[in-house]
>>> print(open('final_27.cif').read())   # mmCIF, C-alpha atoms
data_data
loop_
_atom_site.label_atom_id
_atom_site.label_comp_id
_atom_site.auth_asym_id
_atom_site.auth_seq_id
_atom_site.Cartn_x
_atom_site.Cartn_y
_atom_site.Cartn_z
CA MET Q 43 125.48 97.74 92.17
CA ALA Q 44 122.30 99.27 93.60
CA GLU Q 45 122.63 101.84 96.39
CA VAL Q 46 121.46 100.66 99.83
CA ILE Q 47 119.40 103.49 101.30
CA LEU Q 48 118.27 101.79 104.54
CA GLU Q 49 119.71 98.90 106.51
CA LEU Q 50 118.15 97.14 109.49
CA ASN Q 51 120.84 95.15 111.25
CA ASN Q 52 119.86 92.39 113.72
CA LEU Q 53 116.92 94.30 115.24
CA TYR Q 54 115.25 93.09 118.42
CA LYS Q 55 112.33 94.67 120.24
CA SER Q 56 110.69 93.59 123.50
CA PHE Q 57 107.76 94.98 125.47
CA ASP Q 58 107.35 93.86 129.10
CA ASN Q 59 109.88 91.06 128.57
CA GLN Q 60 107.95 89.78 125.54
CA GLU Q 61 109.95 89.76 122.32
CA VAL Q 62 107.95 91.07 119.34
CA VAL Q 63 110.80 91.50 116.82
CA HIS Q 64 113.59 88.93 116.70
CA ASN Q 65 116.95 89.31 114.91
CA LEU Q 66 115.47 91.11 111.91
CA SER Q 67 117.78 92.27 109.10
CA ILE Q 68 116.85 93.89 105.78
CA LYS Q 69 118.70 96.01 103.22
CA VAL Q 70 116.49 98.37 101.21
CA GLU Q 71 117.77 99.74 97.92
CA LYS Q 72 117.13 103.23 96.60
CA GLY Q 73 113.81 103.38 94.78
CA GLU Q 74 112.72 99.93 95.97
CA PHE Q 75 109.20 99.02 97.06
CA ILE Q 76 109.43 96.52 99.93
CA THR Q 77 106.41 95.14 101.74
CA LEU Q 78 106.40 93.73 105.27
CA LEU Q 79 103.66 91.10 105.05
CA GLY Q 80 102.26 88.96 107.82
CA PRO Q 81 99.37 88.34 110.21
CA SER Q 82 98.38 90.71 113.01
CA GLY Q 83 100.90 90.70 115.85
CA CYS Q 84 103.85 89.49 113.76
CA GLY Q 85 105.94 92.65 114.36
CA LYS Q 86 105.35 94.56 111.10
CA THR Q 87 104.17 97.85 112.58
CA THR Q 88 106.71 97.70 115.42
CA THR Q 89 109.47 97.38 112.82
CA LEU Q 90 108.07 100.38 110.94
CA ARG Q 91 107.90 102.43 114.16
CA MET Q 92 111.55 101.65 114.92
CA ILE Q 93 112.58 102.91 111.46
CA ALA Q 94 110.50 106.07 112.00
CA GLY Q 95 111.99 106.65 115.46
CA PHE Q 96 108.75 106.23 117.42
CA GLU Q 97 110.24 103.15 119.13
CA ASN Q 98 113.85 102.36 120.02
CA PRO Q 99 115.26 98.89 119.27
CA SER Q 100 116.08 96.75 122.30
CA LYS Q 101 119.11 95.60 120.30
CA GLY Q 102 120.41 96.13 116.78
CA ARG Q 103 121.18 99.05 114.49
CA ILE Q 104 119.35 101.14 111.89
CA PHE Q 105 121.35 102.87 109.17
CA LEU Q 106 119.96 105.51 106.78
CA GLU Q 107 122.31 106.28 103.89
CA GLY Q 108 125.04 104.54 105.87
CA GLU Q 109 124.59 106.68 108.99
CA SER Q 110 123.27 105.29 112.28
CA VAL Q 111 119.98 106.95 113.30
CA GLU Q 112 119.80 105.73 116.91
CA GLY Q 113 118.98 108.65 119.18
CA ILE Q 114 117.81 110.88 116.33
CA GLU Q 115 114.31 112.30 116.84
CA PRO Q 116 111.59 111.20 114.39
CA ASN Q 117 111.18 114.69 112.91
CA LYS Q 118 114.91 114.86 112.21
CA ARG Q 119 115.13 111.56 110.36
CA ASN Q 120 114.79 111.82 106.60
CA VAL Q 121 111.81 109.44 106.58
CA ASN Q 122 108.08 110.14 106.60
CA THR Q 123 105.11 107.97 107.59
CA VAL Q 124 101.63 107.58 106.11
CA PHE Q 125 99.12 106.09 108.55
CA GLN Q 126 95.88 104.21 107.94
CA ASN Q 127 93.82 106.97 109.60
CA TYR Q 128 95.51 109.67 107.43
CA ALA Q 129 96.19 111.93 110.49
CA LEU Q 130 95.22 115.11 108.61
CA PHE Q 131 94.71 118.35 110.54
CA PRO Q 132 90.90 118.75 110.48
CA HIS Q 133 91.04 122.55 110.93
CA MET Q 134 93.37 123.09 107.96
CA ASN Q 135 92.48 122.97 104.28
CA VAL Q 136 94.28 120.68 101.85
CA TYR Q 137 96.86 123.31 100.88
CA ASN Q 138 97.84 124.04 104.48
CA ASN Q 139 97.91 120.36 105.44
CA ILE Q 140 100.45 119.71 102.70
CA ALA Q 141 102.40 122.92 103.26
CA TYR Q 142 102.62 122.53 107.05
CA SER Q 143 106.04 120.90 107.30
CA LEU Q 144 107.55 123.34 104.78
CA LYS Q 145 106.28 126.27 106.86
CA ILE Q 146 107.86 124.76 109.98
CA LYS Q 147 111.15 124.59 108.07
CA LYS Q 148 110.67 128.28 107.10
CA VAL Q 149 110.75 127.63 103.35
CA ASN Q 150 109.82 130.85 101.51
CA LYS Q 151 106.19 131.31 100.48
CA GLU Q 152 106.74 131.20 96.72
CA GLU Q 153 108.69 127.96 96.97
CA ILE Q 154 105.99 126.46 99.19
CA LYS Q 155 103.27 127.50 96.75
CA LYS Q 156 105.10 125.99 93.78
CA ARG Q 157 105.85 122.70 95.54
CA VAL Q 158 102.31 122.30 96.90
CA TYR Q 159 100.68 122.99 93.53
CA ASP Q 160 103.11 120.65 91.77
CA ILE Q 161 102.42 117.79 94.14
CA LEU Q 162 98.65 118.36 94.10
CA GLU Q 163 98.79 117.86 90.35
CA MET Q 164 100.90 114.72 90.74
CA VAL Q 165 98.40 113.12 93.12
CA GLN Q 166 95.47 114.18 90.89
CA LEU Q 167 94.08 116.79 93.29
CA LYS Q 168 94.60 119.93 91.23
CA GLY Q 169 92.06 122.55 92.33
CA TYR Q 170 91.41 120.90 95.73
CA GLY Q 171 93.70 123.16 97.77
CA LYS Q 172 90.92 125.09 99.53
CA ARG Q 173 88.84 122.07 100.51
CA MET Q 174 88.70 120.87 104.11
CA PRO Q 175 89.42 117.22 104.97
CA ASP Q 176 85.76 116.52 105.79
CA GLN Q 177 84.85 117.59 102.25
CA LEU Q 178 86.99 114.84 100.72
CA SER Q 179 86.35 111.18 99.97
CA GLY Q 180 88.48 108.48 101.62
CA GLY Q 181 90.64 108.13 98.52
CA GLN Q 182 91.15 111.90 98.29
CA ARG Q 183 92.15 112.13 101.96
CA GLN Q 184 94.63 109.33 101.37
CA ARG Q 185 96.15 111.26 98.46
CA VAL Q 186 96.51 114.35 100.67
CA ALA Q 187 98.28 112.29 103.35
CA ILE Q 188 100.65 110.87 100.73
CA ALA Q 189 101.28 114.32 99.23
CA ARG Q 190 102.04 115.73 102.68
CA ALA Q 191 104.57 112.95 103.25
CA LEU Q 192 106.21 113.21 99.83
CA ILE Q 193 106.58 117.00 99.72
CA ASN Q 194 109.62 116.78 102.00
CA ASN Q 195 111.40 114.47 99.54
CA PRO Q 196 112.15 111.84 102.20
CA LYS Q 197 114.72 109.14 101.49
CA VAL Q 198 112.24 106.51 102.68
CA LEU Q 199 108.44 106.61 102.92
CA LEU Q 200 106.84 104.33 105.50
CA LEU Q 201 103.24 103.26 104.90
CA ASP Q 202 101.33 101.48 107.66
CA GLU Q 203 98.32 99.76 106.03
CA PRO Q 204 97.41 103.04 104.31
CA LEU Q 205 94.61 101.56 102.20
CA GLY Q 206 92.96 99.54 104.95
CA ALA Q 207 90.00 101.92 105.40
CA LEU Q 208 89.06 102.03 101.70
CA ASP Q 209 86.47 99.89 99.92
CA LEU Q 210 87.75 97.11 97.67
CA LYS Q 211 87.34 98.90 94.31
CA LEU Q 212 89.02 102.11 95.52
CA ARG Q 213 91.71 100.09 97.27
CA LYS Q 214 92.69 98.38 94.01
CA GLN Q 215 92.74 101.73 92.21
CA MET Q 216 94.93 103.29 94.89
CA GLN Q 217 97.35 100.37 94.76
CA GLN Q 218 98.27 101.25 91.20
CA GLU Q 219 98.35 104.98 91.93
CA LEU Q 220 100.74 104.42 94.85
CA LYS Q 221 103.01 102.27 92.71
CA ASN Q 222 103.03 104.91 89.97
CA LEU Q 223 103.86 107.67 92.49
CA GLN Q 224 106.66 105.60 93.97
CA LYS Q 225 108.26 105.14 90.55
CA LYS Q 226 107.72 108.80 89.68
CA PHE Q 227 109.47 110.05 92.83
CA ASN Q 228 112.02 107.19 92.89
CA ILE Q 229 111.69 107.00 96.69
CA SER Q 230 112.09 103.79 98.68
CA PHE Q 231 108.73 102.63 100.07
CA ILE Q 232 108.37 100.29 103.05
CA TYR Q 233 104.77 99.15 103.08
CA VAL Q 234 103.01 97.23 105.86
CA THR Q 235 100.01 95.03 105.12
CA HIS Q 236 98.41 91.68 105.96
CA ASP Q 237 96.79 91.53 102.50
CA GLN Q 238 98.68 88.99 100.36
CA GLU Q 239 97.15 90.10 97.05
CA GLU Q 240 98.08 93.72 97.77
CA ALA Q 241 101.67 92.72 98.55
CA LEU Q 242 102.01 90.57 95.41
CA ASN Q 243 100.53 93.32 93.23
CA MET Q 244 102.64 96.25 94.45
CA SER Q 245 106.02 95.06 95.70
CA ASP Q 246 109.48 94.70 94.23
CA ARG Q 247 110.26 92.41 97.18
CA ILE Q 248 108.20 90.99 100.03
CA ALA Q 249 109.43 90.15 103.53
CA VAL Q 250 107.02 87.59 104.99
CA MET Q 251 106.99 87.93 108.78
CA ASN Q 252 105.84 85.49 111.46
CA LYS Q 253 106.27 85.80 115.22
CA GLY Q 254 108.69 88.72 114.93
CA MET Q 255 110.96 87.08 112.36
CA ILE Q 256 111.34 87.13 108.59
CA GLU Q 257 110.42 83.70 107.24
CA GLN Q 258 111.39 84.57 103.66
CA ILE Q 259 112.25 87.63 101.60
CA GLY Q 260 112.08 87.67 97.81
CA THR Q 261 110.25 88.88 94.73
CA PRO Q 262 106.49 88.27 94.55
CA ARG Q 263 107.11 85.43 92.08
CA GLU Q 264 109.70 83.81 94.35
CA ILE Q 265 107.45 84.10 97.39
CA TYR Q 266 104.42 82.63 95.60
CA GLU Q 267 106.04 79.98 93.41
CA ARG Q 268 108.94 78.94 95.64
CA PRO Q 269 107.96 79.29 99.32
CA GLU Q 270 110.70 78.14 101.66
CA THR Q 271 108.66 77.26 104.76
CA ARG Q 272 105.29 75.79 105.66
CA PHE Q 273 104.18 79.17 106.98
CA VAL Q 274 104.97 81.05 103.75
CA ALA Q 275 103.36 78.37 101.60
CA SER Q 276 100.16 78.43 103.66
CA PHE Q 277 99.99 82.20 104.23
CA ILE Q 278 100.48 83.29 100.59
CA GLY Q 279 97.44 82.32 98.58
CA GLU Q 280 96.16 78.76 98.80
CA ALA Q 281 98.53 75.81 98.78
CA ASN Q 282 98.37 72.08 99.31
CA ILE Q 283 101.03 71.03 101.84
CA ILE Q 284 101.65 67.30 101.94
CA ASP Q 285 103.94 64.99 103.93
CA ALA Q 286 104.97 61.97 101.87
CA LYS Q 287 107.62 59.40 101.04
CA TYR Q 288 109.31 59.73 97.69
CA ILE Q 289 110.83 56.50 96.41
CA ASN Q 290 111.65 55.56 92.80
CA ASP Q 291 109.72 58.55 91.40
CA GLU Q 292 106.57 57.57 93.32
CA LEU Q 293 104.81 59.22 96.24
CA THR Q 294 103.22 57.38 99.12
CA LEU Q 295 101.37 58.85 102.12
CA THR Q 296 101.57 55.76 104.34
CA ASN Q 297 103.74 55.57 107.46
CA VAL Q 298 105.38 58.95 106.84
CA ASP Q 299 108.10 59.85 109.33
CA LEU Q 300 109.75 63.16 108.40
CA LYS Q 301 112.97 62.02 110.09
CA GLU Q 302 113.39 59.21 107.57
CA GLU Q 303 115.69 59.54 104.58
CA ASN Q 304 113.08 59.47 101.82
CA SER Q 305 110.49 61.62 103.54
CA ILE Q 306 109.54 65.03 102.15
CA THR Q 307 107.11 67.83 102.83
CA PHE Q 308 106.09 69.62 99.65
CA SER Q 309 103.70 72.34 98.61
CA ILE Q 310 101.82 72.54 95.35
CA ARG Q 311 99.44 75.24 94.18
CA PRO Q 312 95.88 74.19 93.26
CA GLU Q 313 96.22 75.66 89.76
CA ASP Q 314 99.21 73.40 89.03
CA ILE Q 315 97.28 70.17 89.58
CA LYS Q 316 95.66 68.27 86.71
CA PHE Q 317 93.33 65.32 87.02
CA ALA Q 318 92.11 62.34 85.04
CA LEU Q 319 89.93 59.30 85.65
CA GLU Q 320 92.96 57.01 85.49
CA GLY Q 321 96.69 57.16 86.17
CA GLN Q 322 98.85 59.51 84.09
CA LYS Q 323 102.57 60.11 83.67
CA GLY Q 324 104.12 62.35 86.30
CA LEU Q 325 103.79 62.48 90.05
CA GLY Q 326 100.32 61.97 91.41
CA LEU Q 327 97.94 60.48 93.95
CA GLU Q 328 94.47 58.96 93.90
CA VAL Q 329 91.79 61.26 95.32
CA THR Q 330 88.04 61.29 95.88
CA VAL Q 331 85.86 64.29 94.99
CA LYS Q 332 84.42 65.87 98.17
CA GLU Q 333 83.15 69.31 96.98
CA TYR Q 334 82.65 71.04 93.63
CA ASN Q 335 82.26 74.83 93.97
CA TYR Q 336 81.70 77.42 91.23
CA VAL Q 337 83.31 80.74 92.32
CA GLY Q 338 83.09 82.89 89.18
CA ASN Q 339 86.53 82.94 87.58
CA MET Q 340 87.21 79.28 88.43
CA ILE Q 341 85.82 76.07 89.83
CA LYS Q 342 87.29 74.86 93.11
CA ILE Q 343 87.33 71.09 93.51
CA VAL Q 344 88.00 69.83 97.02
CA THR Q 345 89.21 66.22 97.00
CA LEU Q 346 90.29 63.78 99.70
CA LEU Q 347 93.51 61.81 99.78
CA ASP Q 348 93.53 58.29 101.18
CA SER Q 349 95.01 59.77 104.36
CA GLY Q 350 91.89 61.91 104.82
CA GLN Q 351 93.75 65.15 104.01
CA GLU Q 352 92.10 67.54 101.57
CA LEU Q 353 93.69 68.34 98.21
CA LEU Q 354 92.41 71.49 96.49
CA ILE Q 355 92.33 71.71 92.68
CA TYR Q 356 91.47 74.80 90.60
CA LEU Q 357 89.68 74.21 87.32
CA TYR Q 358 89.50 77.10 84.83
CA ASP Q 359 87.56 75.27 82.11
CA LYS Q 360 84.05 76.21 83.20
CA LYS Q 361 82.57 74.11 80.37
CA ALA Q 362 83.76 70.92 82.05
CA GLU Q 363 81.03 68.67 83.32
CA LYS Q 364 80.32 68.81 87.02
CA LEU Q 365 82.08 66.01 88.82
CA GLN Q 366 79.89 63.80 90.96
CA LEU Q 367 80.73 63.70 94.65
CA GLY Q 368 82.55 60.48 95.49
CA THR Q 369 84.17 60.19 92.04
CA LYS Q 370 87.67 58.67 92.11
CA LEU Q 371 90.29 60.76 90.24
CA TRP Q 372 94.00 60.63 89.58
CA ALA Q 373 95.44 64.02 90.61
CA TYR Q 374 98.84 64.56 88.99
CA TRP Q 375 101.38 67.27 88.27
CA ASP Q 376 104.81 67.98 86.80
CA LYS Q 377 107.78 67.56 89.13
CA GLU Q 378 108.89 71.15 88.42
CA VAL Q 379 105.85 72.72 90.10
CA MET Q 380 106.47 71.02 93.46
CA THR Q 381 108.28 73.00 96.12
CA ILE Q 382 110.09 70.99 98.76
CA LEU Q 383 109.67 72.57 102.19
CA ASP Q 384 111.38 69.91 104.33
CA LYS Q 385 113.29 66.93 103.05
CA GLY Q 386 115.51 64.05 104.04
CA ALA Q 387 118.58 62.96 102.09
CA LYS Q 388 116.64 62.42 98.88
CA SER Q 389 115.49 65.42 96.85
CA VAL Q 390 112.89 65.50 94.09
#
>>> encode(input="final_27.cif", output="structure tokens")
Amino acid sequence: MAEVILELNNLYKSFDNQEVVHNLSIKVEKGEFITLLGPSGCGKTTTLRMIAGFENPSKGRIFLEGESVEGIEPNKRNVNTVFQNYALFPHMNVYNNIAYSLKIKKVNKEEIKKRVYDILEMVQLKGYGKRMPDQLSGGQRQRVAIARALINNPKVLLLDEPLGALDLKLRKQMQQELKNLQKKFNISFIYVTHDQEEALNMSDRIAVMNKGMIEQIGTPREIYERPETRFVASFIGEANIIDAKYINDELTLTNVDLKEENSITFSIRPEDIKFALEGQKGLGLEVTVKEYNYVGNMIKIVTLLDSGQELLIYLYDKKAEKLQLGTKLWAYWDKEVMTILDKGAKSV
């Protein structure tokens, strides 16, 4: 059984009588990469700050290696934080930025030198020790900030949108570098972001947060392919969310009352929908082509259901003829790719 390195137990946090974190519980295993994912204001950073010790929970407990850390100062907790703005000392060179915490702990000079040079090589900054922060690129400054955090061998590394200030190409490169470093050091990472693609690409598990609560926690595949709530389905990637009646293996959109026995709400990803000019086997609905958009790696077809709701379809065969607006299609899919979000007594 995997070792639990960090446990958040029923955490609450309020500011000025406004609750920003509500009954949040997570267990983080040793060497695990967990991402807190959600929109701005959902409580991600506040949760991270409580783990770091910069904020105290209004209620709940935080355990690091089984020991409660309430009342322990941030600098005495065996966790380190990497911020989006890097927070490097501008008057110190790279070597001294990284060595700073070891000097405070009065580690001997030879040990400091060895550890700094070793970690500079690991973050691909060998030979950069004498450079000042303003002589570095954004990606290089980010590596220095990560090296400074890792040199103390923390049990948990907290990362608050650390790649947010980088351009898209460098951001993607740094995603893989961070993941490689995490595996190399075998340290638990708790990563905060609002970028769904980043979370799916880097994480062992993702905790999707909304209004201070965790809506769902699971692997990237579970979160994407089997969302449990409307919010998760709509927040992660693009999804069609439809209210319908399901009777005798047929769907109908008319007179839907979600309180009725045969009513369901389901999500289906655009890439899982097929279409034809006439009815096909499997679940499906008649739609009308509204938009046909070429976006490089795919074609996005926006269609309209009889109810007026849009149904998005991804088409990867770019050789297909362009569909005329107003064309009637039969959009259909396999039962296995539907995810039921809310249902009555009957399940698909």
>>> atom_distance(input="final_27.cif", atom1="atom CA of Pro132 of chain Q", atom2="atom CA of Lys172 of chain Q")
12.7 Å
>>> resolve_selection(input="final_27.cif", expression="the PyMOL selection byres ((chain Q and resi 235) around 10)", output="list in words")
Thr77, Leu78, Leu79, Gly80, Pro81, Ser82, Lys86, Thr87, Leu201, Asp202, Glu203, Pro204, Leu205, Gly206, Tyr233, Val234, His236, Asp237, Gln238, Glu239, Glu240 and Ala241 of chain Q
>>> write_last_selection(input="final_27.cif", atoms="C-alpha atoms", output="PDB file, keeping the file's coordinate frame")
ATOM      1  CA  THR Q  77     106.410  95.140 101.740  1.00  0.00           C
ATOM      2  CA  LEU Q  78     106.400  93.730 105.270  1.00  0.00           C
ATOM      3  CA  LEU Q  79     103.660  91.100 105.050  1.00  0.00           C
ATOM      4  CA  GLY Q  80     102.260  88.960 107.820  1.00  0.00           C
ATOM      5  CA  PRO Q  81      99.370  88.340 110.210  1.00  0.00           C
ATOM      6  CA  SER Q  82      98.380  90.710 113.010  1.00  0.00           C
ATOM      7  CA  LYS Q  86     105.350  94.560 111.100  1.00  0.00           C
ATOM      8  CA  THR Q  87     104.170  97.850 112.580  1.00  0.00           C
ATOM      9  CA  LEU Q 201     103.240 103.260 104.900  1.00  0.00           C
ATOM     10  CA  ASP Q 202     101.330 101.480 107.660  1.00  0.00           C
ATOM     11  CA  GLU Q 203      98.320  99.760 106.030  1.00  0.00           C
ATOM     12  CA  PRO Q 204      97.410 103.040 104.310  1.00  0.00           C
ATOM     13  CA  LEU Q 205      94.610 101.560 102.200  1.00  0.00           C
ATOM     14  CA  GLY Q 206      92.960  99.540 104.950  1.00  0.00           C
ATOM     15  CA  TYR Q 233     104.770  99.150 103.080  1.00  0.00           C
ATOM     16  CA  VAL Q 234     103.010  97.230 105.860  1.00  0.00           C
ATOM     17  CA  HIS Q 236      98.410  91.680 105.960  1.00  0.00           C
ATOM     18  CA  ASP Q 237      96.790  91.530 102.500  1.00  0.00           C
ATOM     19  CA  GLN Q 238      98.680  88.990 100.360  1.00  0.00           C
ATOM     20  CA  GLU Q 239      97.150  90.100  97.050  1.00  0.00           C
ATOM     21  CA  GLU Q 240      98.080  93.720  97.770  1.00  0.00           C
ATOM     22  CA  ALA Q 241     101.670  92.720  98.550  1.00  0.00           C
TER      23      ALA Q 241
END
>>> atom_distance(input="final_27.cif", atom1="atom CA of Val186 of chain Q", atom2="atom CA of Ala141 of chain Q")
10.7 Å
>>> residues_around(input="final_27.cif", residues="segment 343-355 of chain Q", least_positions_apart="5", cutoff="7 Å", atoms="all atoms listed in the file", output="PyMOL selection string")
chain Q and resi 282+295+312-313+315+328-335
>>> residues_around(input="final_27.cif", residues="Val63 of chain Q", least_positions_apart="6", cutoff="10 Å", atoms="only C-alpha atoms", output="JSON list (two decimals) with C-alpha atoms, in the coordinates of the input")
[["chain", "number", "residue", "atom", "x", "y", "z"],
["Q", 52, "ASN", "CA", 119.86, 92.39, 113.72],
["Q", 53, "LEU", "CA", 116.92, 94.30, 115.24],
["Q", 54, "TYR", "CA", 115.25, 93.09, 118.42],
["Q", 55, "LYS", "CA", 112.33, 94.67, 120.24],
["Q", 56, "SER", "CA", 110.69, 93.59, 123.50],
["Q", 57, "PHE", "CA", 107.76, 94.98, 125.47],
["Q", 83, "GLY", "CA", 100.90, 90.70, 115.85],
["Q", 84, "CYS", "CA", 103.85, 89.49, 113.76],
["Q", 85, "GLY", "CA", 105.94, 92.65, 114.36],
["Q", 86, "LYS", "CA", 105.35, 94.56, 111.10],
["Q", 88, "THR", "CA", 106.71, 97.70, 115.42],
["Q", 89, "THR", "CA", 109.47, 97.38, 112.82],
["Q", 99, "PRO", "CA", 115.26, 98.89, 119.27],
["Q", 100, "SER", "CA", 116.08, 96.75, 122.30],
["Q", 101, "LYS", "CA", 119.11, 95.60, 120.30],
["Q", 251, "MET", "CA", 106.99, 87.93, 108.78],
["Q", 252, "ASN", "CA", 105.84, 85.49, 111.46],
["Q", 253, "LYS", "CA", 106.27, 85.80, 115.22],
["Q", 254, "GLY", "CA", 108.69, 88.72, 114.93],
["Q", 255, "MET", "CA", 110.96, 87.08, 112.36],
["Q", 256, "ILE", "CA", 111.34, 87.13, 108.59]]
>>> resolve_selection(input="final_27.cif", expression="the PyMOL selection byres ((chain Q and resi 310) around 6)", output="PyMOL selection string")
chain Q and resi 281-282+309+311+380
>>> resolve_selection(input="final_27.cif", expression="the PyMOL selection byres ((chain Q and resi 174) around 7)", output="list of chain:residue names")
Q:Met134, Q:Asn135, Q:Val136, Q:Lys172, Q:Arg173, Q:Pro175, Q:Asp176, Q:Gln177
>>> closest_residue(input="final_27.cif", among="Q:Met340, Q:Leu223, Q:Lys69, Q:His133", to="Arg103 of chain Q", atoms="only C-alpha atoms")
Q:Lys69
>>> closest_residue(input="final_27.cif", among="Q:Thr261, Q:Asn122, Q:Gln322, Q:Thr294", to="Phe231 of chain Q", atoms="only C-alpha atoms")
Q:Asn122
>>> residues_around(input="final_27.cif", residues="Ile341 of chain Q", least_positions_apart="3", cutoff="7 Å", atoms="only C-alpha atoms", output="short mmCIF file (atom, residue, chain, number, x, y, z; two decimals) with C-alpha atoms, keeping the file's coordinate frame")
data_model
loop_
_atom_site.label_atom_id
_atom_site.label_comp_id
_atom_site.auth_asym_id
_atom_site.auth_seq_id
_atom_site.Cartn_x
_atom_site.Cartn_y
_atom_site.Cartn_z
CA ASN Q 335 82.26 74.83 93.97
CA TYR Q 336 81.70 77.42 91.23
CA VAL Q 337 83.31 80.74 92.32
CA TYR Q 356 91.47 74.80 90.60
CA LEU Q 357 89.68 74.21 87.32
CA TYR Q 358 89.50 77.10 84.83
CA LYS Q 360 84.05 76.21 83.20
#
>>> residues_around(input="final_27.cif", residues="Glu320 of chain Q", least_positions_apart="5", cutoff="12 Å", atoms="all atoms listed in the file", output="list in words")
Gly326, Leu327, Glu328, Val329, Thr369, Lys370, Leu371, Trp372, Ala373 and Tyr374 of chain Q
>>> write_last_selection(input="final_27.cif", atoms="C-alpha atoms", output="PDB file, keeping the file's coordinate frame")
ATOM      1  CA  GLY Q 326     100.320  61.970  91.410  1.00  0.00           C
ATOM      2  CA  LEU Q 327      97.940  60.480  93.950  1.00  0.00           C
ATOM      3  CA  GLU Q 328      94.470  58.960  93.900  1.00  0.00           C
ATOM      4  CA  VAL Q 329      91.790  61.260  95.320  1.00  0.00           C
ATOM      5  CA  THR Q 369      84.170  60.190  92.040  1.00  0.00           C
ATOM      6  CA  LYS Q 370      87.670  58.670  92.110  1.00  0.00           C
ATOM      7  CA  LEU Q 371      90.290  60.760  90.240  1.00  0.00           C
ATOM      8  CA  TRP Q 372      94.000  60.630  89.580  1.00  0.00           C
ATOM      9  CA  ALA Q 373      95.440  64.020  90.610  1.00  0.00           C
ATOM     10  CA  TYR Q 374      98.840  64.560  88.990  1.00  0.00           C
TER      11      TYR Q 374
END
>>> residues_around(input="final_27.cif", residues="segment 270-272 of chain Q", least_positions_apart="3", cutoff="7 Å", atoms="only C-alpha atoms", output="list of chain:residue names")
Q:Gln258, Q:Ala275, Q:Ser276, Q:Leu383
>>> closest_residue(input="final_27.cif", among="Q:Glu49, Q:Tyr128, Q:Glu292, Q:Val165", to="Glu109 of chain Q", atoms="all atoms listed in the file")
Q:Glu49
>>> closest_residue(input="final_27.cif", among="Q:Thr381, Q:Ser143, Q:Gln166, Q:Ser305", to="Val274 of chain Q", atoms="all atoms listed in the file")
Q:Thr381
>>> atom_distance(input="final_27.cif", atom1="atom CA of Leu242 of chain Q", atom2="atom CA of Leu130 of chain Q")
28.7 Å
>>> closest_residue(input="final_27.cif", among="Q:Ile104, Q:Ile154, Q:Ile114, Q:Ala187", to="Leu90 of chain Q", atoms="all atoms listed in the file")
Q:Ile104
>>> closest_residue(input="final_27.cif", among="Q:Asp314, Q:Met164, Q:Ser179, Q:Ala44", to="Glu219 of chain Q", atoms="only C-alpha atoms")
Q:Met164
>>> axis_aligned_box(input="final_27.cif", around="segment 217-234 of chain Q", padding_each_side="4 Å", output="lines of an AutoDock Vina configuration file")
center_x = 104.7
center_y = 103.6
center_z = 97.8
size_x = 22.7
size_y = 20.8
size_z = 24.2
>>> build_atoms(input="final_27.cif", residues="segment 300-310 of chain Q", atoms="N, CA and C atoms", output="short mmCIF file (atom, residue, chain, number, x, y, z; two decimals), in the coordinates of the input")
data_model
loop_
_atom_site.label_atom_id
_atom_site.label_comp_id
_atom_site.auth_asym_id
_atom_site.auth_seq_id
_atom_site.Cartn_x
_atom_site.Cartn_y
_atom_site.Cartn_z
N LEU Q 300 108.93 62.13 109.05
CA LEU Q 300 109.75 63.16 108.40
C LEU Q 300 111.23 63.05 108.76
N LYS Q 301 111.57 62.21 109.72
CA LYS Q 301 112.97 62.02 110.09
C LYS Q 301 113.65 60.99 109.18
N GLU Q 302 112.83 60.24 108.44
CA GLU Q 302 113.39 59.21 107.57
C GLU Q 302 113.99 59.82 106.31
N GLU Q 303 114.90 59.04 105.71
CA GLU Q 303 115.69 59.54 104.58
C GLU Q 303 114.85 59.97 103.39
N ASN Q 304 113.84 59.19 103.03
CA ASN Q 304 113.08 59.47 101.82
C ASN Q 304 111.80 60.27 102.07
N SER Q 305 111.68 60.84 103.24
CA SER Q 305 110.49 61.62 103.54
C SER Q 305 110.63 63.05 103.05
N ILE Q 306 109.54 63.63 102.60
CA ILE Q 306 109.54 65.03 102.15
C ILE Q 306 108.24 65.70 102.59
N THR Q 307 108.31 67.01 102.74
CA THR Q 307 107.11 67.83 102.83
C THR Q 307 107.15 68.76 101.63
N PHE Q 308 106.09 68.77 100.85
CA PHE Q 308 106.09 69.62 99.65
C PHE Q 308 104.80 70.43 99.59
N SER Q 309 104.89 71.55 98.87
CA SER Q 309 103.70 72.34 98.61
C SER Q 309 103.46 72.36 97.11
N ILE Q 310 102.19 72.43 96.75
CA ILE Q 310 101.82 72.54 95.35
C ILE Q 310 100.56 73.39 95.26
#
